[in-house]
>>> print(open('protein06.cif').read())   # mmCIF, C-alpha atoms
data_data
#
loop_
_atom_site.label_atom_id
_atom_site.label_comp_id
_atom_site.auth_asym_id
_atom_site.auth_seq_id
_atom_site.Cartn_x
_atom_site.Cartn_y
_atom_site.Cartn_z
CA MET U 1 0.00 0.00 0.00
CA ARG U 2 1.29 3.46 -0.90
CA ILE U 3 0.13 6.73 0.72
CA LEU U 4 0.92 10.06 -0.93
CA ILE U 5 0.89 12.98 1.54
CA PHE U 6 0.97 16.66 0.62
CA GLY U 7 2.43 18.77 3.45
CA LYS U 8 5.18 17.83 5.90
CA THR U 9 6.19 20.94 7.83
CA GLY U 10 2.88 22.01 9.37
CA GLN U 11 1.41 20.68 12.57
CA VAL U 12 -0.37 17.63 11.11
CA GLY U 13 2.22 17.11 8.38
CA SER U 14 5.00 16.97 10.97
CA GLU U 15 3.13 14.25 12.85
CA LEU U 16 2.49 12.30 9.66
CA ALA U 17 6.25 12.51 8.95
CA ARG U 18 7.13 10.80 12.22
CA TYR U 19 4.18 8.40 12.35
CA SER U 20 4.91 4.70 12.90
CA TYR U 21 3.22 3.21 9.85
CA PRO U 22 2.35 -0.51 9.76
CA ARG U 23 4.56 -2.92 7.87
CA GLY U 24 3.80 -2.91 4.17
CA VAL U 25 2.82 0.76 4.03
CA GLU U 26 5.00 2.91 1.78
CA VAL U 27 4.78 6.67 2.31
CA LEU U 28 5.70 9.44 -0.10
CA GLN U 29 5.45 12.81 1.65
CA LEU U 30 5.90 16.04 -0.30
CA GLY U 31 6.67 19.44 1.19
CA ARG U 32 6.71 22.81 -0.54
CA ASP U 33 10.31 22.28 -1.70
CA ASP U 34 9.30 18.97 -3.31
CA CYS U 35 6.02 20.11 -4.85
CA ASP U 36 4.47 23.55 -4.51
CA VAL U 37 0.70 22.95 -4.47
CA GLU U 38 0.22 26.37 -6.06
CA ASP U 39 1.85 24.93 -9.17
CA PHE U 40 -1.21 23.00 -10.27
CA ARG U 41 0.44 21.22 -13.21
CA MET U 42 3.28 19.95 -11.02
CA THR U 43 0.79 18.91 -8.31
CA ALA U 44 -1.37 16.93 -10.74
CA LEU U 45 1.70 15.22 -12.21
CA ALA U 46 2.95 14.31 -8.72
CA VAL U 47 -0.35 12.56 -7.97
CA ARG U 48 -0.56 10.78 -11.33
CA HIS U 49 3.03 9.49 -11.15
CA SER U 50 2.81 8.41 -7.49
CA ALA U 51 0.83 5.19 -8.07
CA ALA U 52 -0.77 5.99 -4.71
CA ASP U 53 -3.54 3.94 -3.14
CA VAL U 54 -4.60 6.89 -0.93
CA VAL U 55 -3.80 10.61 -1.08
CA ILE U 56 -3.82 12.80 2.05
CA ASN U 57 -3.90 16.58 1.67
CA ALA U 58 -2.46 18.09 4.86
CA THR U 59 -1.55 21.44 3.31
CA SER U 60 -3.40 24.59 4.34
CA TYR U 61 -3.08 28.34 4.65
CA THR U 62 -3.86 28.48 8.37
CA ASP U 63 -3.35 32.10 9.48
CA PRO U 64 -6.85 33.66 9.64
CA ALA U 65 -5.64 37.20 10.28
CA ARG U 66 -3.02 37.25 7.52
CA ALA U 67 -5.43 35.64 5.06
CA GLU U 68 -7.51 38.85 5.14
CA THR U 69 -4.67 40.74 3.40
CA ASP U 70 -3.23 37.77 1.47
CA ARG U 71 -6.45 36.52 -0.08
CA ASP U 72 -5.08 35.35 -3.40
CA HIS U 73 -2.49 33.13 -1.72
CA ALA U 74 -5.07 31.74 0.74
CA ARG U 75 -7.46 31.00 -2.15
CA LEU U 76 -4.84 29.12 -4.17
CA VAL U 77 -3.76 26.93 -1.25
CA ASN U 78 -7.12 26.39 0.46
CA ALA U 79 -9.63 26.53 -2.38
CA VAL U 80 -7.95 25.65 -5.67
CA ALA U 81 -5.17 23.18 -4.77
CA PRO U 82 -7.53 20.70 -3.02
CA GLY U 83 -9.57 20.36 -6.21
CA THR U 84 -6.40 19.81 -8.25
CA ILE U 85 -5.22 17.07 -5.89
CA ALA U 86 -8.63 15.38 -5.73
CA LYS U 87 -9.14 15.50 -9.52
CA ALA U 88 -5.75 13.87 -10.13
CA ALA U 89 -6.45 11.24 -7.45
CA SER U 90 -9.75 10.42 -9.16
CA GLU U 91 -7.80 9.46 -12.29
CA LEU U 92 -5.91 6.74 -10.42
CA VAL U 93 -7.42 3.31 -9.87
CA ALA U 94 -9.68 3.33 -6.77
CA CYS U 95 -7.58 6.02 -5.06
CA PRO U 96 -9.52 8.07 -2.47
CA VAL U 97 -8.44 11.46 -1.12
CA ILE U 98 -8.46 12.56 2.52
CA HIS U 99 -8.68 16.34 2.84
CA LEU U 100 -8.31 18.32 6.08
CA SER U 101 -10.74 21.16 6.72
CA THR U 102 -11.92 23.23 9.68
CA ALA U 103 -14.79 24.26 11.94
CA ASP U 104 -14.29 27.79 10.54
CA VAL U 105 -16.61 26.86 7.67
CA PHE U 106 -19.46 27.53 10.16
CA ASP U 107 -20.68 30.92 11.40
CA GLY U 108 -20.58 29.85 15.06
CA ALA U 109 -24.15 30.98 15.80
CA LYS U 110 -25.41 27.55 16.81
CA SER U 111 -25.17 26.74 20.53
CA GLU U 112 -24.96 22.95 20.11
CA PRO U 113 -22.00 21.09 18.56
CA TRP U 114 -21.93 21.34 14.77
CA ARG U 115 -23.02 18.32 12.74
CA GLU U 116 -21.69 17.44 9.29
CA ASP U 117 -25.01 18.29 7.62
CA ASP U 118 -25.41 21.72 9.26
CA PRO U 119 -25.38 24.64 6.80
CA VAL U 120 -22.04 26.40 6.41
CA GLY U 121 -21.56 30.14 6.71
CA PRO U 122 -17.90 31.13 7.08
CA LEU U 123 -17.09 34.52 8.59
CA SER U 124 -13.54 35.02 7.31
CA THR U 125 -11.38 34.65 4.22
CA PHE U 126 -9.79 31.63 5.89
CA GLY U 127 -13.17 29.99 6.46
CA ARG U 128 -14.50 30.89 3.00
CA THR U 129 -11.46 29.51 1.20
CA LYS U 130 -11.53 26.30 3.25
CA GLU U 131 -15.23 25.84 2.48
CA ALA U 132 -14.50 26.42 -1.22
CA GLY U 133 -11.81 23.74 -1.01
CA GLU U 134 -14.36 21.30 0.40
CA ARG U 135 -16.73 22.00 -2.50
CA ALA U 136 -13.91 21.55 -5.01
CA VAL U 137 -13.06 18.11 -3.60
CA ARG U 138 -16.70 16.98 -3.57
CA LYS U 139 -17.20 18.13 -7.15
CA VAL U 140 -14.38 16.12 -8.72
CA HIS U 141 -14.01 12.95 -6.63
CA ASP U 142 -16.73 10.76 -5.14
CA ARG U 143 -14.25 8.72 -3.05
CA HIS U 144 -13.33 11.44 -0.58
CA VAL U 145 -13.12 11.98 3.15
CA ILE U 146 -13.24 15.60 4.26
CA LEU U 147 -12.08 15.75 7.86
CA ARG U 148 -13.10 18.94 9.66
CA THR U 149 -11.13 19.69 12.82
CA SER U 150 -11.09 22.35 15.53
CA TRP U 151 -8.14 24.26 17.03
CA VAL U 152 -5.40 21.85 15.96
CA PHE U 153 -2.12 22.10 17.90
CA GLY U 154 1.17 20.25 17.80
CA ALA U 155 4.93 20.45 18.32
CA GLY U 156 5.55 20.96 14.61
CA GLY U 157 4.81 24.13 12.71
CA ASP U 158 4.05 27.36 14.53
CA GLY U 159 0.71 27.48 16.31
CA PHE U 160 -1.14 28.70 19.37
CA VAL U 161 0.89 26.67 21.87
CA GLN U 162 4.21 27.98 20.52
CA GLU U 163 3.00 31.59 20.47
CA THR U 164 1.61 31.37 24.00
CA LEU U 165 4.89 29.96 25.33
CA ARG U 166 6.92 32.61 23.47
CA GLN U 167 4.91 35.37 25.11
CA ALA U 168 5.20 33.70 28.53
CA ARG U 169 8.98 33.34 28.32
CA ALA U 170 9.35 36.92 27.10
CA GLY U 171 7.39 38.15 30.09
CA SER U 172 4.68 39.55 27.82
CA GLU U 173 1.04 39.79 28.76
CA ILE U 174 -0.82 36.82 27.29
CA ARG U 175 -4.09 38.01 25.76
CA ALA U 176 -6.54 35.27 24.81
CA ILE U 177 -10.09 35.38 23.49
CA SER U 178 -12.69 34.57 26.13
CA ASP U 179 -15.89 34.53 24.03
CA GLN U 180 -15.09 31.77 21.52
CA ARG U 181 -15.47 28.07 22.34
CA GLY U 182 -13.87 25.12 20.61
CA CYS U 183 -12.20 21.79 21.21
CA PRO U 184 -8.39 21.80 20.99
CA THR U 185 -7.26 18.83 18.91
CA PRO U 186 -3.75 17.30 19.08
CA ALA U 187 -2.14 17.13 15.64
CA ARG U 188 -0.78 13.71 16.55
CA ASP U 189 -4.33 12.40 16.89
CA VAL U 190 -5.42 14.04 13.63
CA ALA U 191 -2.51 12.26 11.89
CA ASP U 192 -3.57 8.98 13.49
CA ALA U 193 -7.16 9.49 12.34
CA CYS U 194 -5.96 10.16 8.77
CA VAL U 195 -3.86 7.00 8.70
CA ARG U 196 -6.64 4.86 10.18
CA ILE U 197 -9.06 6.17 7.56
CA ALA U 198 -6.47 5.55 4.82
CA LEU U 199 -5.92 1.95 5.97
CA ALA U 200 -9.67 1.32 6.09
CA ALA U 201 -10.09 2.77 2.61
CA ALA U 202 -7.27 0.64 1.19
CA ALA U 203 -8.92 -2.43 2.75
CA GLY U 204 -12.18 -1.66 0.96
CA GLN U 205 -13.88 -0.43 4.13
CA GLY U 206 -13.92 3.29 3.38
CA LYS U 207 -16.98 5.41 4.14
CA TRP U 208 -17.02 8.54 2.01
CA GLY U 209 -18.19 12.05 2.86
CA THR U 210 -17.57 14.72 5.48
CA PHE U 211 -16.61 13.87 9.06
CA HIS U 212 -15.94 15.88 12.22
CA TYR U 213 -13.05 15.19 14.56
CA CYS U 214 -11.88 17.23 17.55
CA GLY U 215 -10.65 16.88 21.11
CA ALA U 216 -12.98 16.07 23.98
CA GLU U 217 -14.12 18.79 26.41
CA PRO U 218 -14.79 22.27 24.98
CA THR U 219 -12.96 25.32 26.28
CA THR U 220 -12.26 28.92 25.29
CA TRP U 221 -9.01 30.30 23.87
CA GLN U 222 -8.48 31.80 27.32
CA GLY U 223 -9.01 28.39 28.94
CA PHE U 224 -6.67 26.77 26.42
CA ALA U 225 -3.98 29.38 27.05
CA GLN U 226 -4.30 28.85 30.81
CA ALA U 227 -3.98 25.08 30.34
CA ILE U 228 -0.77 25.66 28.33
CA ILE U 229 0.66 27.87 31.09
CA ASP U 230 -0.31 25.40 33.81
CA GLU U 231 1.37 22.56 31.91
CA ALA U 232 4.54 24.48 31.04
CA PHE U 233 4.98 26.16 34.44
CA PRO U 234 3.98 23.59 37.07
CA GLY U 235 4.40 24.02 40.80
CA PRO U 236 3.63 26.84 43.22
CA ALA U 237 5.79 29.49 41.53
CA ARG U 238 3.99 32.53 40.15
CA LYS U 239 2.75 31.81 36.64
CA PRO U 240 2.45 34.15 33.65
CA THR U 241 -0.92 35.86 33.57
CA VAL U 242 -3.56 35.16 30.92
CA VAL U 243 -5.73 38.21 30.27
CA PRO U 244 -9.18 37.68 28.68
CA VAL U 245 -10.07 39.77 25.65
CA ALA U 246 -13.20 39.97 23.49
CA SER U 247 -12.92 38.72 19.91
CA ALA U 248 -14.33 42.02 18.63
CA ASP U 249 -11.31 43.85 20.07
CA LEU U 250 -8.89 41.91 17.85
CA GLY U 251 -10.31 42.85 14.45
CA ALA U 252 -9.55 40.32 11.70
CA ALA U 253 -7.66 38.08 14.12
CA GLY U 254 -10.85 37.59 16.11
CA ARG U 255 -13.16 36.86 13.16
CA ARG U 256 -13.75 33.20 13.94
CA PRO U 257 -16.83 31.18 15.03
CA ALA U 258 -18.06 31.86 18.56
CA ASN U 259 -18.82 28.14 18.72
CA ALA U 260 -16.34 25.80 16.98
CA VAL U 261 -17.36 22.66 18.89
CA LEU U 262 -17.93 19.70 16.57
CA ASP U 263 -20.22 16.68 16.93
CA CYS U 264 -17.96 13.66 16.36
CA GLY U 265 -20.58 10.93 16.43
CA LEU U 266 -20.34 10.05 12.72
CA ILE U 267 -16.61 9.30 12.66
CA ARG U 268 -17.06 7.18 15.78
CA ALA U 269 -19.88 5.21 14.15
CA ASP U 270 -18.28 4.75 10.71
CA TYR U 271 -14.58 4.42 11.60
CA GLY U 272 -14.52 3.64 15.33
CA ILE U 273 -12.41 6.74 16.00
CA GLU U 274 -12.97 8.31 19.42
CA GLN U 275 -12.34 11.90 20.42
CA PRO U 276 -8.86 12.36 21.93
CA ASP U 277 -8.06 13.79 25.36
CA TRP U 278 -6.57 17.12 24.35
CA ARG U 279 -5.05 17.70 27.80
CA ALA U 280 -2.97 14.53 27.46
CA GLY U 281 -1.99 15.68 23.99
CA LEU U 282 -1.03 19.10 25.33
CA LYS U 283 1.22 17.51 27.94
CA ALA U 284 3.09 15.61 25.21
CA VAL U 285 3.45 18.71 23.02
CA VAL U 286 4.81 20.86 25.87
CA GLN U 287 7.30 18.11 26.69
CA ASP U 288 8.39 17.89 23.04
CA LEU U 289 8.87 21.66 22.80
CA ALA U 290 10.85 21.70 26.06
CA ALA U 291 13.11 18.92 24.74
CA GLU U 292 13.71 20.91 21.53
CA GLN U 293 14.77 23.94 23.61
CA VAL U 294 17.28 21.85 25.58
CA ALA U 295 18.65 20.32 22.38
#
>>> encode(input="protein06.cif", output="C-alpha cells")
Amino acid sequence: MRILIFGKTGQVGSELARYSYPRGVEVLQLGRDDCDVEDFRMTALAVRHSAADVVINATSYTDPARAETDRDHARLVNAVAPGTIAKAASELVACPVIHLSTADVFDGAKSEPWREDDPVGPLSTFGRTKEAGERAVRKVHDRHVILRTSWVFGAGGDGFVQETLRQARAGSEIRAISDQRGCPTPARDVADACVRIALAAAAGQGKWGTFHYCGAEPTTWQGFAQAIIDEAFPGPARKPTVVPVASADLGAAGRRPANAVLDCGLIRADYGIEQPDWRAGLKAVVQDLAAEQVA
C-alpha cells in the first residue's frame, strides 16, 4: 500500500512525517520544496506518477488574520489546490483522497455542537477559502473523506501553543479570546485518524463524505492558554498571567466562530475513531517543545 501525503512541515504534516506506519505501508510525503501545491500542473503530475492507493492533503493556509490581506495566496492553497489534488487522485485506480478542513466553515451561531449536515456560513477569508476547497473536492471525486477539525495544535509548525509559550517566556502579557469556544485537537491524533481512515479505505472499508473530529471537552481560547501555562509552568511558583479579551477587540484576528465545537458521532460510528483527550496531547506537546529547547 502506498500513501501520498501533501504537506510535511505544518502541525499535522510533521506528525504524519514521524508516524509509525504498519509494515507494508510505503509513504511518499511532499513538502513545498518537493512540490508547490500552487503549481497546479506539477501537483497533478505528482499525484498521477505516485501510483498511490490513498492521497492525504495536509496542506493549508492556516493564518486567519493574515489571510484577510493575502487573499489570493489563501485562495490558491485552500480553495484551488484541493480540487487539483482530488481530480488527479480520481484518475488513479480506486484512489480516495483525505482532505483536512476546519470548523471555521461555520458561522458559530449555533449553541450545540456542529453536525456534518449543518449549513455552512464562514465569517472570514480563511473559512471561506476552506469551504471552497471542500466544494472543489466533492465536485471532482466521489471517493473522498473531508475531515473537519477544531483548534489543531502540535509540536511541529508554529501554532497557538508555541506563540503562548513565546509570550510567557518573554514576560509579555498573554491576551486570549474569552468569548469563543472550541475543542483543541492534538495534531498527533489528527494524523492517526488520517492514517486509520487511509488503511480502512485501502482495505475496501472506506466510508465517504464529510466527518468531524476534535478533542474532547470544549474550552475557550483563554481556557486553552491557561492550560498551556499550567502545563509548562507547574508548581507553586507565580505563573504568567492570561488576560481575557473579546474577539471584537482583535479585528480580523478575532473573526472566527463563537462556537467551533464539533459533533464527532459520525466518525465514531463509521470508523470507530474516538475523540482524543486534548489535555494529554497538550502535555506531550509541551514536553516535546521543552526537549527541543534543551537540544
>>> residues_around(input="protein06.cif", residues="Pro184 of chain U", least_positions_apart="3", cutoff="12 Å", atoms="only C-alpha atoms", output="short mmCIF file (atom, residue, chain, number, x, y, z; two decimals) with C-alpha atoms, keeping the file's coordinate frame")
data_model
loop_
_atom_site.label_atom_id
_atom_site.label_comp_id
_atom_site.auth_asym_id
_atom_site.auth_seq_id
_atom_site.Cartn_x
_atom_site.Cartn_y
_atom_site.Cartn_z
CA THR U 102 -11.92 23.23 9.68
CA ALA U 103 -14.79 24.26 11.94
CA THR U 149 -11.13 19.69 12.82
CA SER U 150 -11.09 22.35 15.53
CA TRP U 151 -8.14 24.26 17.03
CA VAL U 152 -5.40 21.85 15.96
CA PHE U 153 -2.12 22.10 17.90
CA GLY U 154 1.17 20.25 17.80
CA GLY U 159 0.71 27.48 16.31
CA PHE U 160 -1.14 28.70 19.37
CA VAL U 161 0.89 26.67 21.87
CA ARG U 181 -15.47 28.07 22.34
CA ALA U 187 -2.14 17.13 15.64
CA ARG U 188 -0.78 13.71 16.55
CA ASP U 189 -4.33 12.40 16.89
CA VAL U 190 -5.42 14.04 13.63
CA TYR U 213 -13.05 15.19 14.56
CA CYS U 214 -11.88 17.23 17.55
CA GLY U 215 -10.65 16.88 21.11
CA ALA U 216 -12.98 16.07 23.98
CA GLU U 217 -14.12 18.79 26.41
CA PRO U 218 -14.79 22.27 24.98
CA THR U 219 -12.96 25.32 26.28
CA THR U 220 -12.26 28.92 25.29
CA TRP U 221 -9.01 30.30 23.87
CA GLN U 222 -8.48 31.80 27.32
CA GLY U 223 -9.01 28.39 28.94
CA PHE U 224 -6.67 26.77 26.42
CA ALA U 225 -3.98 29.38 27.05
CA ALA U 227 -3.98 25.08 30.34
CA ILE U 228 -0.77 25.66 28.33
CA ALA U 260 -16.34 25.80 16.98
CA VAL U 261 -17.36 22.66 18.89
CA LEU U 262 -17.93 19.70 16.57
CA GLN U 275 -12.34 11.90 20.42
CA PRO U 276 -8.86 12.36 21.93
CA ASP U 277 -8.06 13.79 25.36
CA TRP U 278 -6.57 17.12 24.35
CA ARG U 279 -5.05 17.70 27.80
CA ALA U 280 -2.97 14.53 27.46
CA GLY U 281 -1.99 15.68 23.99
CA LEU U 282 -1.03 19.10 25.33
#
>>> resolve_selection(input="protein06.cif", expression="the PyMOL selection byres ((chain U and resi 52) around 6)", output="list in words")
Arg2, Ile3, Leu4, Ser50, Ala51, Asp53 and Val54 of chain U
>>> resolve_selection(input="protein06.cif", expression="the PyMOL selection byres ((chain U and resi 123) around 8)", output="ChimeraX atom specification")
/U:104-107,121-122,124-125,127-128,255-257
>>> atom_distance(input="protein06.cif", atom1="atom CA of Arg196 of chain U", atom2="atom CA of Leu266 of chain U")
14.9 Å
>>> closest_residue(input="protein06.cif", among="U:Asp288, U:Gly209, U:Glu231, U:Arg175", to="Pro244 of chain U", atoms="only C-alpha atoms")
U:Arg175
>>> residues_around(input="protein06.cif", residues="segment 64-78 of chain U", least_positions_apart="4", cutoff="12 Å", atoms="all atoms listed in the file", output="PyMOL selection string")
chain U and resi 6-7+32+36-40+43+57-60+82-85+99-102+104-105+122-137+159+250-257
>>> write_last_selection(input="protein06.cif", atoms="C-alpha atoms", output="PDB file, in the coordinates of the input")
ATOM      1  CA  PHE U   6       0.970  16.660   0.620  1.00  0.00           C
ATOM      2  CA  GLY U   7       2.430  18.770   3.450  1.00  0.00           C
ATOM      3  CA  ARG U  32       6.710  22.810  -0.540  1.00  0.00           C
ATOM      4  CA  ASP U  36       4.470  23.550  -4.510  1.00  0.00           C
ATOM      5  CA  VAL U  37       0.700  22.950  -4.470  1.00  0.00           C
ATOM      6  CA  GLU U  38       0.220  26.370  -6.060  1.00  0.00           C
ATOM      7  CA  ASP U  39       1.850  24.930  -9.170  1.00  0.00           C
ATOM      8  CA  PHE U  40      -1.210  23.000 -10.270  1.00  0.00           C
ATOM      9  CA  THR U  43       0.790  18.910  -8.310  1.00  0.00           C
ATOM     10  CA  ASN U  57      -3.900  16.580   1.670  1.00  0.00           C
ATOM     11  CA  ALA U  58      -2.460  18.090   4.860  1.00  0.00           C
ATOM     12  CA  THR U  59      -1.550  21.440   3.310  1.00  0.00           C
ATOM     13  CA  SER U  60      -3.400  24.590   4.340  1.00  0.00           C
ATOM     14  CA  PRO U  82      -7.530  20.700  -3.020  1.00  0.00           C
ATOM     15  CA  GLY U  83      -9.570  20.360  -6.210  1.00  0.00           C
ATOM     16  CA  THR U  84      -6.400  19.810  -8.250  1.00  0.00           C
ATOM     17  CA  ILE U  85      -5.220  17.070  -5.890  1.00  0.00           C
ATOM     18  CA  HIS U  99      -8.680  16.340   2.840  1.00  0.00           C
ATOM     19  CA  LEU U 100      -8.310  18.320   6.080  1.00  0.00           C
ATOM     20  CA  SER U 101     -10.740  21.160   6.720  1.00  0.00           C
ATOM     21  CA  THR U 102     -11.920  23.230   9.680  1.00  0.00           C
ATOM     22  CA  ASP U 104     -14.290  27.790  10.540  1.00  0.00           C
ATOM     23  CA  VAL U 105     -16.610  26.860   7.670  1.00  0.00           C
ATOM     24  CA  PRO U 122     -17.900  31.130   7.080  1.00  0.00           C
ATOM     25  CA  LEU U 123     -17.090  34.520   8.590  1.00  0.00           C
ATOM     26  CA  SER U 124     -13.540  35.020   7.310  1.00  0.00           C
ATOM     27  CA  THR U 125     -11.380  34.650   4.220  1.00  0.00           C
ATOM     28  CA  PHE U 126      -9.790  31.630   5.890  1.00  0.00           C
ATOM     29  CA  GLY U 127     -13.170  29.990   6.460  1.00  0.00           C
ATOM     30  CA  ARG U 128     -14.500  30.890   3.000  1.00  0.00           C
ATOM     31  CA  THR U 129     -11.460  29.510   1.200  1.00  0.00           C
ATOM     32  CA  LYS U 130     -11.530  26.300   3.250  1.00  0.00           C
ATOM     33  CA  GLU U 131     -15.230  25.840   2.480  1.00  0.00           C
ATOM     34  CA  ALA U 132     -14.500  26.420  -1.220  1.00  0.00           C
ATOM     35  CA  GLY U 133     -11.810  23.740  -1.010  1.00  0.00           C
ATOM     36  CA  GLU U 134     -14.360  21.300   0.400  1.00  0.00           C
ATOM     37  CA  ARG U 135     -16.730  22.000  -2.500  1.00  0.00           C
ATOM     38  CA  ALA U 136     -13.910  21.550  -5.010  1.00  0.00           C
ATOM     39  CA  VAL U 137     -13.060  18.110  -3.600  1.00  0.00           C
ATOM     40  CA  GLY U 159       0.710  27.480  16.310  1.00  0.00           C
ATOM     41  CA  LEU U 250      -8.890  41.910  17.850  1.00  0.00           C
ATOM     42  CA  GLY U 251     -10.310  42.850  14.450  1.00  0.00           C
ATOM     43  CA  ALA U 252      -9.550  40.320  11.700  1.00  0.00           C
ATOM     44  CA  ALA U 253      -7.660  38.080  14.120  1.00  0.00           C
ATOM     45  CA  GLY U 254     -10.850  37.590  16.110  1.00  0.00           C
ATOM     46  CA  ARG U 255     -13.160  36.860  13.160  1.00  0.00           C
ATOM     47  CA  ARG U 256     -13.750  33.200  13.940  1.00  0.00           C
ATOM     48  CA  PRO U 257     -16.830  31.180  15.030  1.00  0.00           C
TER      49      PRO U 257
END
>>> atom_distance(input="protein06.cif", atom1="atom CA of Ala88 of chain U", atom2="atom CA of Ala44 of chain U")
5.4 Å
>>> residues_around(input="protein06.cif", residues="Ala258 of chain U", least_positions_apart="6", cutoff="7 Å", atoms="all atoms listed in the file", output="list in words")
Gly108, Ala109, Asp179, Gln180 and Arg181 of chain U
>>> atom_distance(input="protein06.cif", atom1="atom CA of Asp270 of chain U", atom2="atom CA of Leu28 of chain U")
26.7 Å
>>> closest_residue(input="protein06.cif", among="U:Leu30, U:Cys35, U:Val97, U:Ala155", to="Ala201 of chain U", atoms="all atoms listed in the file")
U:Val97
>>> closest_residue(input="protein06.cif", among="U:Tyr271, U:Ala291, U:Arg169, U:Val195", to="Lys207 of chain U", atoms="only C-alpha atoms")
U:Tyr271
>>> residues_around(input="protein06.cif", residues="Val243 of chain U", least_positions_apart="6", cutoff="9 Å", atoms="all atoms listed in the file", output="PyMOL selection string")
chain U and resi 173-178+222
>>> resolve_selection(input="protein06.cif", expression="the PyMOL selection byres ((chain U and resi 116) around 9)", output="list in words")
Trp114, Arg115, Asp117, Asp118, Pro119, Arg148, Thr210, Phe211, His212, Leu262, Asp263, Cys264 and Leu266 of chain U
